[in-house]
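**Student:** Enclosed is the structure file protein-v6.csv (CSV, C-alpha atoms).
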chain,number,residue,atom,x,y,z
A,1,MET,CA,20.3,48.7,0.8
A,2,GLN,CA,17.8,50.6,2.9
A,3,THR,CA,18.9,48.7,6.0
A,4,ASP,CA,22.5,49.6,5.3
A,5,ALA,CA,21.6,53.2,5.1
A,6,ARG,CA,19.7,53.2,8.3
A,7,VAL,CA,22.6,51.5,10.2
A,8,GLY,CA,25.0,54.0,8.7
A,9,ARG,CA,22.9,57.0,9.8
A,10,MET,CA,22.4,55.6,13.3
A,11,MET,CA,26.1,55.0,13.7
A,12,GLU,CA,26.8,58.6,12.5
A,13,GLY,CA,24.4,59.9,15.2
A,14,VAL,CA,26.2,58.2,18.0
A,15,HIS,CA,28.1,60.8,20.1
A,16,GLY,CA,31.6,59.6,20.9
A,17,GLY,CA,31.4,56.1,22.2
A,18,GLY,CA,27.6,56.5,22.2
A,19,SER,CA,25.1,55.4,24.8
A,20,GLY,CA,24.4,51.8,25.5
A,21,ALA,CA,20.9,52.1,24.1
A,22,ASN,CA,22.2,53.5,20.8
A,23,ARG,CA,24.8,50.7,20.5
A,24,LYS,CA,22.1,48.1,21.2
A,25,TYR,CA,19.8,49.5,18.6
A,26,THR,CA,22.6,49.5,16.0
A,27,THR,CA,23.4,45.9,16.9
A,28,VAL,CA,19.7,44.9,16.4
A,29,LEU,CA,19.6,46.5,13.0
A,30,CYS,CA,22.8,44.8,11.9
A,31,SER,CA,21.3,41.5,13.1
A,32,GLN,CA,18.1,42.1,11.1
A,33,GLN,CA,20.3,42.9,8.1
A,34,LYS,CA,22.1,39.6,8.4
A,35,GLN,CA,18.9,37.6,8.9
A,36,GLN,CA,17.2,39.2,5.8
A,37,SER,CA,20.3,38.6,3.7
A,38,TYR,CA,20.4,35.0,4.9
A,39,GLY,CA,16.7,34.6,4.1
A,40,LEU,CA,17.1,35.8,0.6
A,41,GLN,CA,19.9,33.3,0.1
A,42,ARG,CA,17.9,30.5,1.5
A,43,GLN,CA,14.6,31.2,-0.3
A,44,PRO,CA,15.6,29.6,-3.6
A,45,GLN,CA,16.7,26.4,-1.8
A,46,PHE,CA,13.4,26.2,0.0
A,47,ASP,CA,11.5,26.7,-3.3
A,48,ALA,CA,13.6,23.9,-4.8
A,49,ILE,CA,12.9,21.5,-2.0
A,50,GLN,CA,9.2,22.3,-2.2
A,51,HIS,CA,9.1,21.5,-5.9
A,52,LEU,CA,11.2,18.4,-5.6
A,53,LEU,CA,9.2,17.0,-2.7
A,54,ALA,CA,5.8,17.8,-4.1
A,55,GLY,CA,6.7,16.4,-7.5
A,56,GLY,CA,8.1,13.2,-6.0
A,57,ILE,CA,5.1,12.6,-3.7
A,58,ALA,CA,2.6,13.3,-6.5
A,59,GLY,CA,4.3,10.8,-8.8
A,60,ALA,CA,4.5,8.0,-6.2
A,61,VAL,CA,0.9,8.4,-5.1
A,62,SER,CA,-0.4,8.5,-8.6
A,63,LYS,CA,1.6,5.5,-9.8
A,64,THR,CA,0.6,3.3,-6.8
A,65,CYS,CA,-3.1,4.1,-7.2
A,66,THR,CA,-3.1,3.2,-11.0
A,67,ALA,CA,-0.5,0.4,-11.0
A,68,PRO,CA,-3.0,-2.3,-12.1
A,69,LEU,CA,-4.0,-0.3,-15.1
A,70,ALA,CA,-0.5,0.6,-15.9
A,71,ARG,CA,0.6,-3.0,-16.0
A,72,LEU,CA,-2.4,-3.9,-18.2
A,73,THR,CA,-1.3,-1.2,-20.6
A,74,ILE,CA,2.3,-2.6,-20.8
A,75,LEU,CA,1.1,-6.2,-21.2
A,76,PHE,CA,-1.1,-5.2,-24.2
A,77,GLN,CA,1.7,-3.0,-25.7
A,78,VAL,CA,4.2,-5.9,-25.8
A,79,LYS,CA,1.8,-8.7,-26.8
A,80,GLY,CA,2.5,-8.3,-30.5
A,81,MET,CA,6.2,-9.1,-30.1
A,82,HIS,CA,5.9,-12.9,-29.7
A,83,SER,CA,2.2,-13.6,-30.4
A,84,ASP,CA,0.4,-14.7,-33.5
A,85,VAL,CA,-2.5,-12.8,-35.1
A,86,ALA,CA,-5.1,-15.2,-33.7
A,87,THR,CA,-3.9,-14.7,-30.2
A,88,LEU,CA,-3.9,-10.9,-30.6
A,89,ARG,CA,-7.5,-11.0,-31.9
A,90,LYS,CA,-8.7,-12.8,-28.7
A,91,ALA,CA,-7.0,-10.3,-26.4
A,92,SER,CA,-9.3,-8.1,-24.2
A,93,ILE,CA,-9.0,-6.2,-21.0
A,94,TRP,CA,-11.3,-8.5,-19.0
A,95,ARG,CA,-9.7,-11.6,-20.4
A,96,GLU,CA,-6.3,-10.3,-19.3
A,97,ILE,CA,-7.6,-9.3,-15.9
A,98,SER,CA,-9.0,-12.8,-15.4
A,99,ARG,CA,-5.7,-14.4,-16.6
A,100,ILE,CA,-3.7,-12.4,-14.1
A,101,LEU,CA,-6.0,-13.2,-11.2
A,102,TYR,CA,-6.0,-16.9,-12.1
A,103,GLU,CA,-2.4,-17.5,-13.0
A,104,GLU,CA,-0.5,-14.8,-10.9
A,105,GLY,CA,-2.8,-13.7,-8.1
A,106,PHE,CA,-4.1,-10.4,-7.0
A,107,ARG,CA,-0.8,-8.9,-5.9
A,108,ALA,CA,0.5,-9.4,-9.5
A,109,PHE,CA,-1.4,-6.3,-10.5
A,110,TRP,CA,1.3,-4.3,-8.6
A,111,LYS,CA,4.2,-6.3,-10.1
A,112,GLY,CA,7.0,-3.8,-10.7
A,113,ASN,CA,5.4,-1.1,-8.6
A,114,LEU,CA,8.4,-0.8,-6.2
A,115,VAL,CA,10.7,0.1,-9.1
A,116,THR,CA,8.0,2.3,-10.5
A,117,ILE,CA,8.1,4.4,-7.3
A,118,ALA,CA,11.9,4.3,-7.2
A,119,HIS,CA,11.8,5.6,-10.7
A,120,ARG,CA,9.0,8.1,-10.3
A,121,LEU,CA,10.2,9.8,-7.2
A,122,PRO,CA,13.3,11.3,-8.9
A,123,TYR,CA,11.6,11.5,-12.3
A,124,SER,CA,8.6,13.5,-11.1
A,125,SER,CA,10.8,15.7,-8.9
A,126,ILE,CA,13.2,16.5,-11.6
A,127,SER,CA,10.5,17.0,-14.2
A,128,PHE,CA,8.4,19.4,-12.1
A,129,TYR,CA,11.4,21.4,-10.8
A,130,ALA,CA,13.1,21.6,-14.2
A,131,TYR,CA,9.9,22.8,-15.7
A,132,GLU,CA,9.6,25.7,-13.2
A,133,HIS,CA,13.3,26.5,-13.8
A,134,TYR,CA,13.1,26.4,-17.6
A,135,LYS,CA,9.9,28.4,-17.6
A,136,ASN,CA,11.2,31.1,-15.3
A,137,MET,CA,14.4,31.3,-17.2
A,138,MET,CA,12.7,31.8,-20.6
A,139,GLN,CA,10.1,34.2,-19.2
A,140,SER,CA,12.9,36.4,-17.7
A,141,ILE,CA,14.5,36.5,-21.2
A,142,ILE,CA,11.3,37.3,-23.0
A,143,ALA,CA,10.1,39.8,-20.4
A,144,SER,CA,13.0,42.1,-21.3
A,145,ARG,CA,11.5,42.5,-24.7
A,146,ASP,CA,8.2,44.0,-25.9
A,147,HIS,CA,5.2,43.2,-23.6
A,148,LYS,CA,3.0,42.1,-26.4
A,149,GLU,CA,5.7,39.7,-27.6
A,150,TYR,CA,5.9,38.3,-24.1
A,151,ILE,CA,2.1,37.6,-24.0
A,152,SER,CA,2.1,35.9,-27.4
A,153,SER,CA,5.1,33.8,-26.5
A,154,ASP,CA,3.5,32.5,-23.2
A,155,VAL,CA,2.2,29.2,-24.7
A,156,LEU,CA,5.5,28.6,-26.5
A,157,VAL,CA,7.4,29.1,-23.2
A,158,LYS,CA,5.2,26.4,-21.6
A,159,LEU,CA,5.6,24.1,-24.5
A,160,VAL,CA,9.4,24.3,-24.7
A,161,SER,CA,9.9,24.3,-20.9
A,162,GLY,CA,7.7,21.2,-20.6
A,163,GLY,CA,9.6,19.4,-23.4
A,164,LEU,CA,13.0,20.2,-21.9
A,165,SER,CA,12.0,19.2,-18.4
A,166,GLY,CA,10.7,15.8,-19.7
A,167,ILE,CA,13.9,15.1,-21.7
A,168,THR,CA,16.0,16.0,-18.7
A,169,ALA,CA,14.1,13.8,-16.3
A,170,ALA,CA,13.9,10.8,-18.7
A,171,SER,CA,17.6,10.9,-19.5
A,172,ILE,CA,18.7,10.8,-15.9
A,173,THR,CA,16.3,8.1,-14.7
A,174,TYR,CA,16.1,5.9,-17.9
A,175,PRO,CA,17.7,2.6,-16.5
A,176,LEU,CA,15.0,2.4,-13.8
A,177,ASP,CA,12.3,2.9,-16.4
A,178,LEU,CA,13.7,0.0,-18.5
A,179,VAL,CA,13.8,-2.3,-15.5
A,180,ARG,CA,10.3,-1.3,-14.6
A,181,THR,CA,9.0,-2.4,-18.0
A,182,ARG,CA,10.8,-5.7,-17.9
A,183,LEU,CA,9.5,-6.5,-14.4
A,184,ALA,CA,5.9,-5.5,-15.3
A,185,ALA,CA,6.0,-7.5,-18.5
A,186,GLN,CA,6.9,-10.8,-16.7
A,187,THR,CA,4.0,-13.2,-16.4
A,188,ASN,CA,4.5,-16.9,-15.4
A,189,ILE,CA,8.2,-17.2,-15.9
A,190,MET,CA,10.2,-14.9,-13.5
A,191,TYR,CA,13.5,-14.2,-15.1
A,192,TYR,CA,14.3,-11.1,-13.0
A,193,ARG,CA,13.8,-11.4,-9.2
A,194,GLY,CA,13.9,-7.7,-8.4
A,195,ILE,CA,15.4,-4.4,-9.1
A,196,CYS,CA,19.0,-5.2,-8.3
A,197,ASP,CA,18.9,-8.6,-10.0
A,198,ALA,CA,17.4,-7.0,-13.1
A,199,LEU,CA,20.1,-4.4,-13.3
A,200,SER,CA,22.9,-6.9,-12.8
A,201,SER,CA,21.4,-9.4,-15.2
A,202,ILE,CA,21.0,-6.8,-17.9
A,203,CYS,CA,24.5,-5.6,-17.5
A,204,ARG,CA,25.8,-9.2,-17.5
A,205,ASP,CA,23.8,-10.4,-20.5
A,206,GLU,CA,23.5,-7.3,-22.7
A,207,GLY,CA,26.2,-5.0,-21.4
A,208,SER,CA,25.8,-1.5,-19.9
A,209,ARG,CA,24.3,-0.3,-23.1
A,210,GLY,CA,21.4,-2.7,-22.6
A,211,LEU,CA,20.2,-0.4,-19.8
A,212,TYR,CA,19.5,2.3,-22.5
A,213,LYS,CA,17.6,0.3,-25.1
A,214,GLY,CA,14.8,2.4,-26.5
A,215,LEU,CA,16.3,5.6,-25.2
A,216,GLY,CA,15.9,7.3,-28.6
A,217,ALA,CA,12.2,6.5,-28.8
A,218,THR,CA,11.8,7.7,-25.2
A,219,LEU,CA,13.5,11.0,-25.8
A,220,LEU,CA,11.6,11.5,-29.0
A,221,GLY,CA,8.3,10.9,-27.2
A,222,VAL,CA,8.8,12.2,-23.7
A,223,GLY,CA,9.4,15.8,-24.9
A,224,PRO,CA,6.1,16.2,-26.8
A,225,SER,CA,4.3,14.2,-24.1
A,226,ILE,CA,5.3,16.4,-21.2
A,227,ALA,CA,5.1,19.5,-23.3
A,228,ILE,CA,1.5,18.8,-24.4
A,229,SER,CA,0.5,17.7,-20.9
A,230,PHE,CA,1.9,20.8,-19.2
A,231,THR,CA,0.7,23.2,-21.9
A,232,VAL,CA,-2.9,21.9,-22.0
A,233,TYR,CA,-3.0,21.8,-18.2
A,234,GLU,CA,-1.8,25.3,-17.5
A,235,THR,CA,-3.9,26.8,-20.4
A,236,LEU,CA,-7.1,25.1,-19.2
A,237,ARG,CA,-6.4,26.0,-15.6
A,238,ALA,CA,-5.8,29.7,-16.4
A,239,ARG,CA,-9.0,30.0,-18.4
A,240,TRP,CA,-11.0,28.1,-15.8
A,241,GLN,CA,-9.8,30.3,-13.0
A,242,LEU,CA,-10.4,33.4,-15.1
A,243,GLN,CA,-14.0,32.5,-15.8
A,244,ARG,CA,-14.8,30.7,-12.5
A,245,PRO,CA,-12.4,32.1,-9.9
A,246,TYR,CA,-14.3,30.7,-6.9
A,247,ASP,CA,-14.2,27.0,-7.9
A,248,SER,CA,-12.1,24.6,-5.8
A,249,SER,CA,-8.5,24.5,-6.8
A,250,VAL,CA,-8.5,20.7,-6.2
A,251,LEU,CA,-11.4,20.3,-8.7
A,252,ILE,CA,-9.6,22.4,-11.2
A,253,SER,CA,-6.4,20.5,-10.9
A,254,LEU,CA,-8.2,17.1,-11.2
A,255,ALA,CA,-10.2,18.1,-14.3
A,256,CYS,CA,-7.5,19.9,-16.2
A,257,GLY,CA,-4.9,17.3,-15.4
A,258,SER,CA,-7.1,14.5,-16.7
A,259,LEU,CA,-7.9,16.3,-19.9
A,260,SER,CA,-4.2,17.1,-20.5
A,261,GLY,CA,-3.3,13.5,-19.9
A,262,ILE,CA,-5.8,12.3,-22.5
A,263,ALA,CA,-4.5,14.7,-25.1
A,264,SER,CA,-0.9,13.8,-24.4
A,265,SER,CA,-1.5,10.0,-24.4
A,266,THR,CA,-3.5,10.1,-27.6
A,267,MET,CA,-0.8,12.0,-29.5
A,268,THR,CA,2.3,10.1,-28.3
A,269,PHE,CA,0.9,6.5,-27.7
A,270,PRO,CA,2.5,5.0,-30.8
A,271,LEU,CA,6.0,6.2,-29.7
A,272,ASP,CA,5.3,4.8,-26.2
A,273,LEU,CA,4.4,1.4,-27.6
A,274,VAL,CA,7.6,1.2,-29.7
A,275,ARG,CA,9.6,2.3,-26.7
A,276,ARG,CA,8.2,-0.5,-24.5
A,277,ARG,CA,8.9,-3.1,-27.2
A,278,MET,CA,12.4,-1.9,-27.8
A,279,GLN,CA,13.1,-2.0,-24.0
A,280,LEU,CA,12.2,-5.7,-24.1
A,281,GLU,CA,14.4,-6.5,-27.1
A,282,GLY,CA,16.7,-9.5,-26.1
A,283,ALA,CA,15.2,-9.7,-22.6
A,284,ALA,CA,15.5,-13.1,-20.9
A,285,GLY,CA,17.5,-14.5,-23.8
A,286,LYS,CA,14.7,-14.1,-26.3
A,287,ALA,CA,15.5,-13.4,-30.0
A,288,ARG,CA,15.4,-9.8,-31.2
A,289,VAL,CA,12.4,-8.8,-33.2
A,290,TYR,CA,13.2,-5.3,-34.4
A,291,LYS,CA,16.6,-5.1,-35.9
A,292,SER,CA,16.4,-2.0,-38.0
A,293,GLY,CA,16.0,0.7,-35.4
A,294,LEU,CA,13.1,3.0,-34.4
A,295,PHE,CA,11.6,3.6,-37.8
A,296,GLY,CA,12.1,-0.1,-38.8
A,297,ALA,CA,10.1,-1.0,-35.7
A,298,PHE,CA,7.3,1.2,-36.8
A,299,GLY,CA,7.3,-0.4,-40.2
A,300,HIS,CA,7.4,-3.9,-38.8
A,301,ILE,CA,4.4,-3.3,-36.5
A,302,ILE,CA,2.3,-1.7,-39.2
A,303,HIS,CA,3.2,-4.5,-41.6
A,304,SER,CA,2.5,-7.4,-39.2
A,305,GLU,CA,-0.3,-5.9,-37.0
A,306,GLY,CA,-1.7,-3.1,-39.1
A,307,PHE,CA,-2.1,0.6,-38.1
A,308,ARG,CA,-4.2,-0.5,-35.1
A,309,GLY,CA,-1.2,-2.3,-33.7
A,310,LEU,CA,0.4,1.1,-32.9
A,311,TYR,CA,-2.5,1.7,-30.5
A,312,ARG,CA,-2.7,-1.7,-28.9
A,313,GLY,CA,-3.5,-1.1,-25.2
A,314,ILE,CA,-4.8,2.5,-25.7
A,315,LEU,CA,-8.1,1.7,-24.0
A,316,ALA,CA,-6.3,0.6,-20.8
A,317,GLU,CA,-4.2,3.7,-21.1
A,318,TYR,CA,-7.3,5.9,-21.2
A,319,PHE,CA,-8.7,4.2,-18.1
A,320,LYS,CA,-5.4,4.8,-16.4
A,321,VAL,CA,-4.5,8.3,-17.6
A,322,VAL,CA,-7.6,10.1,-16.3
A,323,PRO,CA,-7.1,9.2,-12.6
A,324,SER,CA,-3.3,9.0,-13.0
A,325,VAL,CA,-2.6,12.5,-14.4
A,326,GLY,CA,-5.4,14.0,-12.4
A,327,ILE,CA,-3.9,12.7,-9.1
A,328,VAL,CA,-0.4,13.8,-10.1
A,329,PHE,CA,-1.4,17.4,-10.6
A,330,MET,CA,-3.9,17.5,-7.7
A,331,THR,CA,-1.4,16.0,-5.3
A,332,TYR,CA,1.3,18.3,-6.5
A,333,GLU,CA,-0.7,21.4,-6.0
A,334,THR,CA,-2.0,20.3,-2.6
A,335,VAL,CA,1.5,19.3,-1.3
A,336,LYS,CA,3.0,22.5,-2.6
A,337,SER,CA,0.3,24.6,-1.0
A,338,LEU,CA,0.8,22.8,2.4
A,339,LEU,CA,4.6,23.3,2.2
A,340,SER,CA,4.2,27.0,1.3
A,341,ALA,CA,1.7,27.5,4.1
A,342,GLY,CA,4.2,26.0,6.6
A,343,ASP,CA,7.0,28.5,5.7
What does this structure look like when you write it as structure tokens?

**Tutor:**
Amino acid sequence: MQTDARVGRMMEGVHGGGSGANRKYTTVLCSQQKQQSYGLQRQPQFDAIQHLLAGGIAGAVSKTCTAPLARLTILFQVKGMHSDVATLRKASIWREISRILYEEGFRAFWKGNLVTIAHRLPYSSISFYAYEHYKNMMQSIIASRDHKEYISSDVLVKLVSGGLSGITAASITYPLDLVRTRLAAQTNIMYYRGICDALSSICRDEGSRGLYKGLGATLLGVGPSIAISFTVYETLRARWQLQRPYDSSVLISLACGSLSGIASSTMTFPLDLVRRRMQLEGAAGKARVYKSGLFGAFGHIIHSEGFRGLYRGILAEYFKVVPSVGIVFMTYETVKSLLSAGD
């Protein structure tokens, strides 16, 4: 608006046709006005690209670094589906690591990592960007009300925004998550030869609905998981920066991200275990184990394996989650800072 007024006043001061200098100055101001208007229109797009790119890179780097631990977690989670009690009692992390090295080779620790990255790039990007979008939208609504109410609602905003972003990302990318589980759960017998083969085989054998097995458990768990992770992370980071403002931002991201991951995994691990098992229902022509839905699966696991069965693989998950979540947040903040500095 100020630029418009300046241009108007300048044009009014021009005598007759005006001198060449005055016409040139008016043209420059008009050009600046167009550039500023264009920049304002382009800024949201640049912000969106930064969030999408930073989130995608963070997810891919984290998942690649922790792929061996992630596969161990999945293998432990699904052991109870077709194993007897005696076999389950003998299971241990070091025994499973030895078995993979002896029977499948070192590269098998990264089995399914390609589809993990293919899934994680869009998932992380959508999750991080959607979180920023939902948070800004809710804050703009609350900010119009009383200031004290805005401050007291800050944690609730983070919680709801994190949950909605997780549900949004999980719903869009779910078929790739299911394929990742099935590829990672394969041991000696290779029923699926790759991403495309898995997608086509599932559609052929189980129908298109087979790509969404366990979606209910996923949506029920991913909302609280992301919500707790983001809430704990941002709360811890805000308090840390308030008390120790000169500490390294990378150190803060790593420590707070790791703690938020531990809290999130502990609270939602049983749902994640049930999700993995339901994703494998009927895979490779095997008989179905859980025929009474989500709550029936919980009851079946508790009855056959005990309450501890819901936390099978939690130790491998803890070993994974500290570096995994820490790397995600650290990489995200670093990439976003680099992209912002380059503007």

**Student:** Figure out the distance between CA of Thr268 in chain A and CA of Glu234 in chain A, please, to one decimal in Å.

**Tutor:**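 Between CA of Glu234 in chain A and CA of Thr268 in chain A the gap is 19.1 Å.
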
**Student:** Compile the contact shell of range 172-189 of chain A as a ChimeraX atom specification: residues with an atom at most 8 Å away, counting all atoms listed in the file, same-chain residues fewer than 2 positions apart removed.

**Tutor:** /A:71,74-75,78,103-104,111-113,115-116,118-119,122-123,168-170,191-192,194-195,198-199,211-213,215,276,279-280,283

**Student:** How far is it from CA of Val322 in chain A to CA of Glu132 in chain A, in Å with one decimal?

**Tutor:**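 Distance between the two atoms: 23.4 Å.
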
**Student:** Using only C-alpha atoms, find the one residue out of A:Thr331, A:Gln139, A:Ser264, A:Ser253 that sits nearest to Ser229 in chain A.

**Tutor:**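 Nearest to Ser229 in chain A: A:Ser264.
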
**Student:** Of the residues A:Gln243, A:Arg288, A:Gln77, A:Gly299, which is the one nearest to Asp272 in chain A, using all atoms listed in the file?

**Tutor:**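 Counting all atoms listed in the file, the residue closest to Asp272 in chain A is A:Gln77.
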
**Student:** Please determine, counting all atoms listed in the file, which residue among A:Ile226, A:Leu273, A:Leu156, A:Ile302 has the shortest atom-to-atom distance to Ser124 in chain A.

**Tutor:** A:Ile226

**Student:** Pick the closest to Leu52 in chain A from A:Ser161, A:Ser260, A:Ser127, A:Asn136: which is it, counting all atoms listed in the file?

**Tutor:**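 Smallest distance to Leu52 in chain A is found for A:Ser127.
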
**Student:** Counting all atoms listed in the file, which residue out of A:Glu333, A:Glu317, A:Glu305, A:Asp205 sits closest to Met81 in chain A?

**Tutor:**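 Going through A:Glu333, A:Glu317, A:Glu305, A:Asp205 one by one, the smallest distance to Met81 in chain A is for A:Glu305.
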
**Student:** So how far away is CA of Phe106 in chain A from CA of Ala91 in chain A, in Å?

**Tutor:**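 Taking CA of Ala91 in chain A and CA of Phe106 in chain A, their separation equals 19.6 Å.
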
**Student:** For Val335 in chain A, list every protein, DNA or RNA residue within 9 Å, evaluated using all atoms listed in the file, and leave out those in the same chain fewer than 5 positions away; present the list as JSON, numbers by chain.

**Tutor:** {"A": [50, 53, 54, 55, 57, 58, 330, 340]}

**Student:** Emit the selected residues as a PDB file, keeping the file's coordinate frame, including C-alpha atoms.

**Tutor:**
ATOM      1  CA  GLN A  50       9.200  22.300  -2.200  1.00  0.00           C
ATOM      2  CA  LEU A  53       9.200  17.000  -2.700  1.00  0.00           C
ATOM      3  CA  ALA A  54       5.800  17.800  -4.100  1.00  0.00           C
ATOM      4  CA  GLY A  55       6.700  16.400  -7.500  1.00  0.00           C
ATOM      5  CA  ILE A  57       5.100  12.600  -3.700  1.00  0.00           C
ATOM      6  CA  ALA A  58       2.600  13.300  -6.500  1.00  0.00           C
ATOM      7  CA  MET A 330      -3.900  17.500  -7.700  1.00  0.00           C
ATOM      8  CA  SER A 340       4.200  27.000   1.300  1.00  0.00           C
TER       9      SER A 340
END

**Student:** Using only C-alpha atoms, which protein or nucleic acid residues come within 7 Å of Ala217 in chain A? Drop anything in the same chain fewer than 3 positions from it, and give the result as a list in words.

**Tutor:**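 Neighbouring residues, sequence-local ones excluded: Gly214, Leu220, Gly221, Leu271, Arg275 and Leu294 of chain A.
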
**Student:** Taking into account all atoms listed in the file, which residue in the set A:Gly59, A:Thr235, A:Glu96, A:Phe269 is nearest to Val157 in chain A?

**Tutor:**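 Nearest candidate to Val157 in chain A out of A:Gly59, A:Thr235, A:Glu96, A:Phe269: A:Thr235.
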